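Heads up, query16.pdb below (PDB, C-alpha atoms):
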ATOM      1  CA  MET A 111      10.486 -28.540 -55.390
ATOM      2  CA  GLN A 112       8.810 -31.767 -56.543
ATOM      3  CA  ASN A 113      11.994 -33.804 -56.121
ATOM      4  CA  GLU A 114      12.474 -32.665 -52.523
ATOM      5  CA  PHE A 115      12.424 -35.508 -50.001
ATOM      6  CA  PRO A 116       9.264 -35.298 -47.823
ATOM      7  CA  LYS A 117      10.912 -35.215 -44.415
ATOM      8  CA  LEU A 118       8.618 -35.981 -41.471
ATOM      9  CA  SER A 119       9.041 -34.635 -37.953
ATOM     10  CA  GLY A 120       9.052 -36.981 -34.934
ATOM     11  CA  LYS A 121       5.427 -36.191 -34.145
ATOM     12  CA  GLU A 122       4.343 -36.736 -37.743
ATOM     13  CA  MET A 123       6.169 -40.064 -37.835
ATOM     14  CA  LYS A 124       4.467 -41.185 -34.638
ATOM     15  CA  ALA A 125       1.013 -40.129 -35.858
ATOM     16  CA  LEU A 126       1.482 -41.964 -39.165
ATOM     17  CA  GLU A 127       2.879 -45.022 -37.421
ATOM     18  CA  LEU A 128      -0.199 -45.236 -35.174
ATOM     19  CA  LEU A 129      -2.653 -44.706 -38.010
ATOM     20  CA  ILE A 130      -0.958 -47.228 -40.302
ATOM     21  CA  HIS A 131      -0.732 -49.935 -37.655
ATOM     22  CA  LYS A 132      -3.971 -49.366 -35.757
ATOM     23  CA  GLY A 133      -6.287 -48.029 -38.458
ATOM     24  CA  GLU A 134      -8.671 -45.114 -38.021
ATOM     25  CA  MET A 135      -8.277 -43.206 -34.764
ATOM     26  CA  PHE A 136      -9.518 -40.139 -32.903
ATOM     27  CA  GLY A 137      -7.005 -37.502 -31.825
ATOM     28  CA  LEU A 138      -7.425 -38.260 -28.133
ATOM     29  CA  GLU A 139      -6.909 -41.982 -28.786
ATOM     30  CA  MET A 140      -3.661 -41.169 -30.565
ATOM     31  CA  VAL A 141      -2.475 -39.071 -27.618
ATOM     32  CA  GLU A 142      -3.189 -41.948 -25.254
ATOM     33  CA  ALA A 143      -1.654 -44.585 -27.540
ATOM     34  CA  SER A 144       1.519 -42.558 -28.149
ATOM     35  CA  GLU A 145       2.508 -42.785 -24.461
ATOM     36  CA  GLY A 146       3.555 -39.174 -24.152
ATOM     37  CA  GLU A 147       5.076 -38.590 -27.583
ATOM     38  CA  LEU A 148       2.010 -36.731 -28.870
ATOM     39  CA  LYS A 149       0.582 -33.989 -26.653
ATOM     40  CA  ARG A 150      -2.994 -32.794 -26.328
ATOM     41  CA  GLY A 151      -1.955 -29.229 -27.041
ATOM     42  CA  THR A 152      -0.214 -29.974 -30.327
ATOM     43  CA  ILE A 153      -1.873 -33.048 -31.792
ATOM     44  CA  TYR A 154      -4.508 -31.242 -33.841
ATOM     45  CA  VAL A 155      -2.052 -28.678 -35.168
ATOM     46  CA  THR A 156       0.133 -31.560 -36.386
ATOM     47  CA  LEU A 157      -2.811 -33.523 -37.808
ATOM     48  CA  SER A 158      -4.190 -30.456 -39.569
ATOM     49  CA  ARG A 159      -0.813 -29.800 -41.176
ATOM     50  CA  MET A 160      -0.560 -33.421 -42.290
ATOM     51  CA  CYS A 161      -4.060 -33.279 -43.782
ATOM     52  CA  ASP A 162      -3.001 -30.212 -45.771
ATOM     53  CA  LYS A 163       0.010 -32.110 -47.127
ATOM     54  CA  GLY A 164      -2.253 -35.017 -48.111
ATOM     55  CA  TYR A 165      -0.719 -37.574 -45.734
ATOM     56  CA  LEU A 166      -3.937 -37.974 -43.744
ATOM     57  CA  ASP A 167      -7.640 -37.693 -44.288
ATOM     58  CA  SER A 168     -10.438 -37.190 -41.780
ATOM     59  CA  ARG A 169     -14.174 -37.227 -41.295
ATOM     60  CA  GLU A 170     -16.577 -36.161 -38.570
ATOM     61  CA  GLU A 171     -18.148 -38.851 -36.410
ATOM     62  CA  PRO A 172     -21.485 -37.737 -34.964
ATOM     63  CA  ARG A 173     -22.117 -38.508 -31.304
ATOM     64  CA  GLN A 174     -24.603 -41.185 -30.361
ATOM     65  CA  ALA A 175     -27.667 -40.295 -28.281
ATOM     66  CA  PRO A 176     -28.024 -39.371 -25.433
ATOM     67  CA  GLU A 177     -24.624 -37.684 -25.713
ATOM     68  CA  ILE A 178     -24.653 -34.256 -27.266
ATOM     69  CA  GLY A 179     -21.828 -31.985 -28.320
ATOM     70  CA  ILE A 180     -19.409 -31.302 -31.114
ATOM     71  CA  PRO A 181     -18.844 -34.310 -33.409
ATOM     72  CA  ARG A 182     -15.469 -36.022 -33.047
ATOM     73  CA  ARG A 183     -13.008 -36.183 -35.922
ATOM     74  CA  LYS A 184     -11.556 -39.502 -37.033
ATOM     75  CA  TYR A 185      -8.271 -39.678 -38.942
ATOM     76  CA  TRP A 186      -6.663 -42.249 -41.221
ATOM     77  CA  ALA A 187      -3.496 -42.433 -43.298
ATOM     78  CA  THR A 188      -3.789 -41.968 -47.064
ATOM     79  CA  GLY A 189      -1.791 -43.920 -49.630
ATOM     80  CA  LEU A 190       0.609 -40.995 -49.958
ATOM     81  CA  GLY A 191       0.985 -40.885 -46.161
ATOM     82  CA  GLU A 192       1.903 -44.568 -46.052
ATOM     83  CA  LYS A 193       4.483 -44.156 -48.828
ATOM     84  CA  VAL A 194       6.035 -41.103 -47.161
ATOM     85  CA  TYR A 195       6.196 -42.960 -43.838
ATOM     86  CA  GLU A 196       7.929 -45.944 -45.443
ATOM     87  CA  ALA A 197      10.343 -43.666 -47.278
ATOM     88  CA  ASN A 198      11.209 -41.885 -44.036
ATOM     89  CA  LEU A 199      11.700 -45.205 -42.229
ATOM     90  CA  ARG A 200      14.022 -46.376 -45.000
ATOM     91  CA  ALA A 201      15.914 -43.070 -44.880
ATOM     92  CA  ILE A 202      16.424 -43.451 -41.133
ATOM     93  CA  GLU A 203      17.691 -47.005 -41.612
ATOM     94  CA  ILE A 204      20.147 -45.917 -44.305
ATOM     95  CA  PHE A 205      21.332 -43.057 -42.133
ATOM     96  CA  ARG A 206      21.912 -45.444 -39.237
ATOM     97  CA  GLU A 207      23.819 -47.863 -41.441
ATOM     98  CA  LEU A 208      26.001 -45.056 -42.728
ATOM     99  CA  ALA A 209      26.567 -43.560 -39.297
ATOM    100  CA  TRP A 210      27.206 -46.818 -37.382
ATOM    101  CA  GLY A 211      28.205 -49.142 -40.246
ATOM    102  CA  GLY A 212      31.924 -48.898 -39.542
ATOM    103  CA  PHE A 213      31.579 -49.987 -35.898
TER     104      PHE A 213
ATOM    105  CA  MET B 112     -33.399 -17.001 -12.370
ATOM    106  CA  ASN B 113     -37.187 -17.333 -12.091
ATOM    107  CA  ASP B 114     -39.421 -16.347  -9.154
ATOM    108  CA  LYS B 115     -39.647 -19.873  -7.806
ATOM    109  CA  GLU B 116     -35.859 -20.262  -7.611
ATOM    110  CA  SER B 117     -35.341 -16.838  -6.029
ATOM    111  CA  LYS B 118     -38.042 -17.571  -3.418
ATOM    112  CA  LEU B 119     -36.421 -20.916  -2.643
ATOM    113  CA  GLN B 120     -33.043 -19.245  -2.252
ATOM    114  CA  SER B 121     -34.376 -16.525   0.046
ATOM    115  CA  ASP B 122     -36.100 -19.212   2.157
ATOM    116  CA  ARG B 123     -32.822 -21.068   2.480
ATOM    117  CA  GLN B 124     -31.035 -17.868   3.426
ATOM    118  CA  GLN B 125     -33.563 -17.246   6.172
ATOM    119  CA  VAL B 126     -33.141 -20.803   7.515
ATOM    120  CA  ILE B 127     -29.365 -20.420   7.632
ATOM    121  CA  GLN B 128     -29.636 -16.999   9.306
ATOM    122  CA  LYS B 129     -31.982 -18.430  11.945
ATOM    123  CA  LYS B 130     -29.592 -21.279  12.631
ATOM    124  CA  LEU B 131     -26.711 -18.814  12.997
ATOM    125  CA  ILE B 132     -28.709 -16.635  15.393
ATOM    126  CA  LYS B 133     -29.572 -19.674  17.530
ATOM    127  CA  THR B 134     -25.973 -20.808  17.804
ATOM    128  CA  LEU B 135     -24.548 -17.349  18.425
ATOM    129  CA  PRO B 136     -25.225 -17.162  22.196
ATOM    130  CA  ILE B 137     -23.632 -20.579  22.722
ATOM    131  CA  ILE B 138     -20.492 -19.602  20.817
ATOM    132  CA  ALA B 139     -20.382 -16.240  22.597
ATOM    133  CA  GLY B 140     -20.695 -17.985  25.974
ATOM    134  CA  ILE B 141     -17.898 -20.441  25.220
ATOM    135  CA  LEU B 142     -15.593 -17.714  23.941
ATOM    136  CA  SER B 143     -16.317 -15.407  26.878
ATOM    137  CA  ILE B 144     -15.507 -18.193  29.345
ATOM    138  CA  LEU B 145     -12.271 -18.866  27.480
ATOM    139  CA  PHE B 146     -11.313 -15.199  27.485
ATOM    140  CA  THR B 147     -12.297 -14.852  31.128
ATOM    141  CA  THR B 148     -10.286 -17.849  32.209
ATOM    142  CA  LEU B 149      -7.291 -16.634  30.284
ATOM    143  CA  PHE B 150      -7.404 -13.079  31.644
ATOM    144  CA  GLN B 151      -8.360 -14.226  35.110
ATOM    145  CA  SER B 152      -5.420 -16.579  35.405
ATOM    146  CA  MET B 153      -3.143 -13.755  34.372
ATOM    147  CA  ILE B 154      -4.573 -11.050  36.589
ATOM    148  CA  GLU B 155      -5.644 -13.194  39.555
ATOM    149  CA  LYS B 156      -2.098 -13.436  40.701
ATOM    150  CA  VAL B 157      -1.912  -9.656  41.008
ATOM    151  CA  PHE B 158      -5.445  -8.716  42.198
ATOM    152  CA  GLU B 159      -7.260 -11.471  44.019
ATOM    153  CA  ASN B 160     -10.775 -10.115  44.376
ATOM    154  CA  PHE B 161     -14.271 -10.417  42.887
ATOM    155  CA  ILE B 162     -14.483  -6.991  41.213
ATOM    156  CA  VAL B 163     -11.506  -7.742  39.044
ATOM    157  CA  TYR B 164     -13.056 -11.055  38.049
ATOM    158  CA  LEU B 165     -16.320  -9.322  37.084
ATOM    159  CA  PHE B 166     -14.467  -6.640  35.154
ATOM    160  CA  VAL B 167     -12.486  -9.213  33.204
ATOM    161  CA  LEU B 168     -15.686 -11.161  32.482
ATOM    162  CA  ILE B 169     -17.347  -8.072  30.970
ATOM    163  CA  ILE B 170     -14.296  -7.251  28.879
ATOM    164  CA  GLY B 171     -14.131 -10.867  27.706
ATOM    165  CA  CYS B 172     -17.819 -10.818  26.698
ATOM    166  CA  LEU B 173     -17.381  -7.549  24.797
ATOM    167  CA  ILE B 174     -14.366  -8.768  22.851
ATOM    168  CA  ALA B 175     -16.005 -12.124  22.073
ATOM    169  CA  GLY B 176     -19.234 -10.367  21.035
ATOM    170  CA  TYR B 177     -17.337  -8.024  18.734
ATOM    171  CA  PHE B 178     -15.551 -10.844  16.928
ATOM    172  CA  ILE B 179     -18.662 -12.984  16.635
ATOM    173  CA  GLY B 180     -20.717 -10.048  15.360
ATOM    174  CA  GLU B 181     -18.140  -9.230  12.729
ATOM    175  CA  ILE B 182     -17.874 -12.846  11.570
ATOM    176  CA  THR B 183     -21.668 -13.177  11.449
ATOM    177  CA  ILE B 184     -22.025 -10.091   9.269
ATOM    178  CA  LYS B 185     -19.372 -11.375   6.879
ATOM    179  CA  VAL B 186     -20.950 -14.835   6.718
ATOM    180  CA  THR B 187     -24.415 -13.381   6.111
ATOM    181  CA  TYR B 188     -23.134 -11.399   3.165
ATOM    182  CA  LYS B 189     -21.578 -14.517   1.688
ATOM    183  CA  ILE B 190     -24.528 -16.855   2.152
ATOM    184  CA  ASP B 191     -25.190 -17.020  -1.592
ATOM    185  CA  PHE B 192     -21.684 -18.254  -2.197
ATOM    186  CA  ILE B 193     -21.900 -20.771   0.665
ATOM    187  CA  ILE B 194     -25.209 -22.125  -0.674
ATOM    188  CA  LYS B 195     -23.634 -22.659  -4.097
ATOM    189  CA  ILE B 196     -20.727 -24.588  -2.560
ATOM    190  CA  ILE B 197     -23.106 -26.705  -0.453
ATOM    191  CA  ASP B 198     -25.168 -27.439  -3.584
ATOM    192  CA  LEU B 199     -22.081 -28.515  -5.487
ATOM    193  CA  VAL B 200     -20.851 -30.740  -2.651
ATOM    194  CA  LYS B 201     -24.264 -32.294  -2.018
ATOM    195  CA  ASN B 202     -25.259 -32.698  -5.653
ATOM    196  CA  PRO B 203     -22.347 -32.859  -8.079
ATOM    197  CA  LYS B 204     -24.692 -34.309 -10.738
ATOM    198  CA  VAL B 205     -25.979 -30.765 -11.214
ATOM    199  CA  GLU B 206     -22.957 -30.336 -13.494
ATOM    200  CA  GLU B 207     -24.334 -33.015 -15.803
ATOM    201  CA  ALA B 208     -27.352 -30.926 -16.695
ATOM    202  CA  LYS B 209     -25.160 -27.939 -17.399
ATOM    203  CA  ILE B 210     -23.046 -29.671 -20.041
ATOM    204  CA  ALA B 211     -25.128 -28.642 -23.037
ATOM    205  CA  ILE B 212     -24.823 -24.950 -22.259
ATOM    206  CA  HIS B 213     -21.486 -24.955 -20.546
ATOM    207  CA  SER B 214     -19.409 -21.810 -20.592
ATOM    208  CA  ARG B 215     -16.463 -23.645 -22.178
ATOM    209  CA  TYR B 216     -18.133 -23.150 -25.563
ATOM    210  CA  LYS B 217     -17.417 -19.446 -25.109
ATOM    211  CA  LEU B 218     -13.774 -20.323 -25.703
ATOM    212  CA  LEU B 219     -14.787 -21.420 -29.206
ATOM    213  CA  LYS B 220     -16.262 -17.993 -29.809
ATOM    214  CA  LEU B 221     -12.961 -16.475 -28.756
ATOM    215  CA  SER B 222     -10.914 -18.725 -31.035
ATOM    216  CA  GLY B 223     -13.420 -18.087 -33.840
ATOM    217  CA  PHE B 224     -12.768 -14.378 -33.484
ATOM    218  CA  PHE B 225      -8.992 -14.692 -33.846
ATOM    219  CA  PHE B 226      -8.577 -17.604 -36.269
ATOM    220  CA  SER B 227      -9.890 -18.699 -39.664
ATOM    221  CA  THR B 228     -12.869 -20.999 -40.124
ATOM    222  CA  LYS B 229     -10.531 -23.718 -41.389
ATOM    223  CA  THR B 230      -8.339 -23.559 -38.268
ATOM    224  CA  GLN B 231     -11.445 -23.469 -36.130
ATOM    225  CA  LYS B 232     -12.830 -26.571 -37.864
ATOM    226  CA  GLU B 233      -9.603 -28.584 -37.955
ATOM    227  CA  VAL B 234      -7.972 -27.608 -34.673
ATOM    228  CA  PHE B 235     -10.324 -26.039 -32.124
ATOM    229  CA  PHE B 236     -13.498 -28.065 -32.762
ATOM    230  CA  PRO B 237     -11.714 -31.441 -32.363
ATOM    231  CA  THR B 238     -10.049 -30.147 -29.165
ATOM    232  CA  MET B 239     -13.433 -29.135 -27.791
ATOM    233  CA  SER B 240     -14.948 -32.473 -28.808
ATOM    234  CA  ASP B 241     -12.165 -34.251 -26.884
ATOM    235  CA  TRP B 242     -13.068 -32.102 -23.894
ATOM    236  CA  ASP B 243     -16.717 -33.224 -24.266
ATOM    237  CA  GLU B 244     -15.599 -36.824 -24.607
ATOM    238  CA  GLU B 245     -13.596 -36.712 -21.379
ATOM    239  CA  ILE B 246     -16.596 -35.295 -19.516
ATOM    240  CA  PHE B 247     -18.916 -37.982 -20.899
ATOM    241  CA  GLU B 248     -16.360 -40.635 -19.975
ATOM    242  CA  ALA B 249     -16.144 -39.342 -16.395
ATOM    243  CA  LEU B 250     -19.949 -39.202 -16.107
ATOM    244  CA  ARG B 251     -20.319 -42.711 -17.534
ATOM    245  CA  LYS B 252     -17.990 -43.990 -14.810
ATOM    246  CA  ASN B 253     -19.683 -41.838 -12.144
ATOM    247  CA  LYS B 254     -16.425 -40.025 -11.475
ATOM    248  CA  ASP B 255     -17.965 -36.603 -10.903
ATOM    249  CA  ALA B 256     -15.014 -35.508  -8.797
ATOM    250  CA  LYS B 257     -12.826 -35.631 -11.915
ATOM    251  CA  LEU B 258     -14.887 -32.980 -13.716
ATOM    252  CA  PHE B 259     -13.038 -30.077 -12.133
ATOM    253  CA  MET B 260      -9.640 -31.444 -13.158
ATOM    254  CA  ILE B 261     -10.916 -32.150 -16.688
ATOM    255  CA  HIS B 262     -12.089 -28.558 -17.057
ATOM    256  CA  LEU B 263      -8.823 -27.236 -15.656
ATOM    257  CA  ARG B 264      -6.620 -29.383 -17.905
ATOM    258  CA  ASN B 265      -8.610 -28.735 -21.060
ATOM    259  CA  THR B 266      -8.871 -24.992 -20.469
ATOM    260  CA  TYR B 267      -5.082 -24.919 -20.211
ATOM    261  CA  THR B 268      -4.765 -27.028 -23.387
ATOM    262  CA  PHE B 269      -7.171 -24.788 -25.298
ATOM    263  CA  ILE B 270      -5.397 -21.586 -24.316
ATOM    264  CA  LEU B 271      -2.024 -23.161 -25.087
ATOM    265  CA  LEU B 272      -3.343 -24.156 -28.499
ATOM    266  CA  MET B 273      -4.511 -20.610 -29.207
ATOM    267  CA  TRP B 274      -1.072 -19.347 -28.251
ATOM    268  CA  GLN B 275       0.635 -21.877 -30.520
ATOM    269  CA  LYS B 276      -1.573 -20.975 -33.461
ATOM    270  CA  SER B 277      -0.941 -17.254 -32.946
ATOM    271  CA  PRO B 278       1.713 -15.486 -35.085
ATOM    272  CA  ILE B 279       4.113 -15.427 -32.106
ATOM    273  CA  GLY B 280       3.652 -19.171 -31.608
ATOM    274  CA  ASP B 281       4.306 -19.748 -35.320
ATOM    275  CA  LEU B 282       7.446 -17.631 -35.092
ATOM    276  CA  ILE B 283       8.721 -19.616 -32.096
ATOM    277  CA  GLU B 284       8.014 -22.865 -33.971
ATOM    278  CA  PHE B 285       9.873 -21.545 -37.022
ATOM    279  CA  VAL B 286      12.919 -20.546 -34.917
ATOM    280  CA  ARG B 287      12.861 -23.942 -33.234
ATOM    281  CA  LYS B 288      12.838 -25.699 -36.604
ATOM    282  CA  ILE B 289      15.791 -23.668 -37.822
ATOM    283  CA  ALA B 290      17.671 -24.322 -34.599
ATOM    284  CA  SER B 291      17.102 -28.058 -34.831
TER     285      SER B 291
END

Encoded form (structure tokens):
Amino acid sequence: MQNEFPKLSGKEMKALELLIHKGEMFGLEMVEASEGELKRGTIYVTLSRMCDKGYLDSREEPRQAPEIGIPRRKYWATGLGEKVYEANLRAIEIFRELAWGGF
Amino acid sequence: MNDKESKLQSDRQQVIQKKLIKTLPIIAGILSILFTTLFQSMIEKVFENFIVYLFVLIIGCLIAGYFIGEITIKVTYKIDFIIKIIDLVKNPKVEEAKIAIHSRYKLLKLSGFFFSTKTQKEVFFPTMSDWDEEIFEALRKNKDAKLFMIHLRNTYTFILLMWQKSPIGDLIEFVRKIAS
């Protein structure tokens, strides 16, 4: 299974793209920045799955006084995440070249 | 609710009841005249005399009194509810004080019951913290009117999330993946 290509879904690609280009982000910021591609209802399920795979890492950001509540979670792409993203981008490019190369 | 609050509420109830009682005769008078005029114009053409007019006036008063009485009783029973609405309209900032102990955190208890600690920590806590963040953002900008919509939208999101993380949601996701 180690030689299997780490295929990313559309949502995973978008999340990695945002985190690689914009740096550390909160989930809600990613939803807003994705312009509709990432949804509030699914973002944390996707991010959690990506953390499990080792593509992302996260930490809790405590709220500043006087605000109280649950700390927010900030995410960033790991080295593995960046490599997988680049590999997927390259794979898409190759696929496009193969599919449309003759025209 | 402490004694002071309950006394204040009963005082307010009494004030509202007094106001209603004062305005009742005026409303009854206006309605009885309306009824009378309506019935009179209909019947006058047939019986043009004073007794008929008097009879119609009494009937009009009785009908108007019945309706007003019924409405008053209903309103009196719902004064608590009306006071709460008036409070909310007059002082939406009341919501601000309630944030720390808001009932939305009960949803976390529910998700905690059904899902693992890991899922709770990685999925439901961040969702709830986004909910908090939106409320703080609205309060910072003094957009209290948005609070209701924020609660509505986030409650929907939270429940949707619970559904997606449930075994049925996982199954649907799996079928979707195979189909695509």

Counting all atoms listed in the file, what are the residues of chain A within 10 Å of chain B, and for each of them which pair of atoms is the nearest and at what distance in Å, to one decimal? Sort the table by chain and rising number, as a tab-separated table.
residue	atom	partner	partner_atom	distance
A:Ser119	CA	B:Lys288	CA	9.8
A:Phe136	CA	B:Asp241	CA	8.8
A:Gly137	CA	B:Pro237	CA	7.7
A:Leu138	CA	B:Asp241	CA	6.3
A:Glu139	CA	B:Asp241	CA	9.5
A:Lys149	CA	B:Thr268	CA	9.4
A:Arg150	CA	B:Thr268	CA	6.7
A:Gly151	CA	B:Thr268	CA	5.1
A:Thr152	CA	B:Leu272	CA	6.9
A:Ile153	CA	B:Val234	CA	8.7
A:Tyr154	CA	B:Val234	CA	5.1
A:Val155	CA	B:Val234	CA	6.0
A:Thr156	CA	B:Val234	CA	9.2
A:Leu157	CA	B:Glu233	CA	8.4
A:Ser158	CA	B:Glu233	CA	6.0
A:Arg159	CA	B:Glu233	CA	9.4
A:Cys161	CA	B:Glu233	CA	9.3
A:Ser168	CA	B:Glu233	CA	9.5
A:Glu170	CA	B:Pro237	CA	9.2
A:Arg173	CA	B:Glu244	CA	9.5
A:Glu177	CA	B:Phe247	CA	7.5
A:Ile178	CA	B:Ala211	CA	7.0
A:Gly179	CA	B:Asp243	CA	6.6
A:Ile180	CA	B:Ser240	CA	5.2
A:Pro181	CA	B:Ser240	CA	6.3
A:Arg182	CA	B:Ser240	CA	5.6
A:Arg183	CA	B:Pro237	CA	6.1
A:Lys184	CA	B:Pro237	CA	9.3

For range 190-206 of chain A, please output as a ChimeraX atom specification all residues within 10 Å (counting only C-alpha atoms; exclusion window: fewer than 2 positions along the same chain).
/A:115-119,122-127,129-130,160-161,163-167,186-188,208-211

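Of the listed residues B:Ala290, B:Ala249, B:Leu221, B:Ile141, the one whose atoms come nearest to Ala175 in chain B is B:Ile141, with distances taken using only C-alpha atoms.
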
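Interatomic distance, CA of Glu284 in chain B against CA of Arg215 in chain B: 27.2 Å.
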
Please identify all polymer residues within 8 Å of Ser144 in chain A, counting all atoms listed in the file, omitting same-chain residues fewer than 4 positions from it, and present them as a list in words.
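Once the adjacent positions are removed, what remains is Lys124, Leu128, Met140 and Leu148 of chain A.
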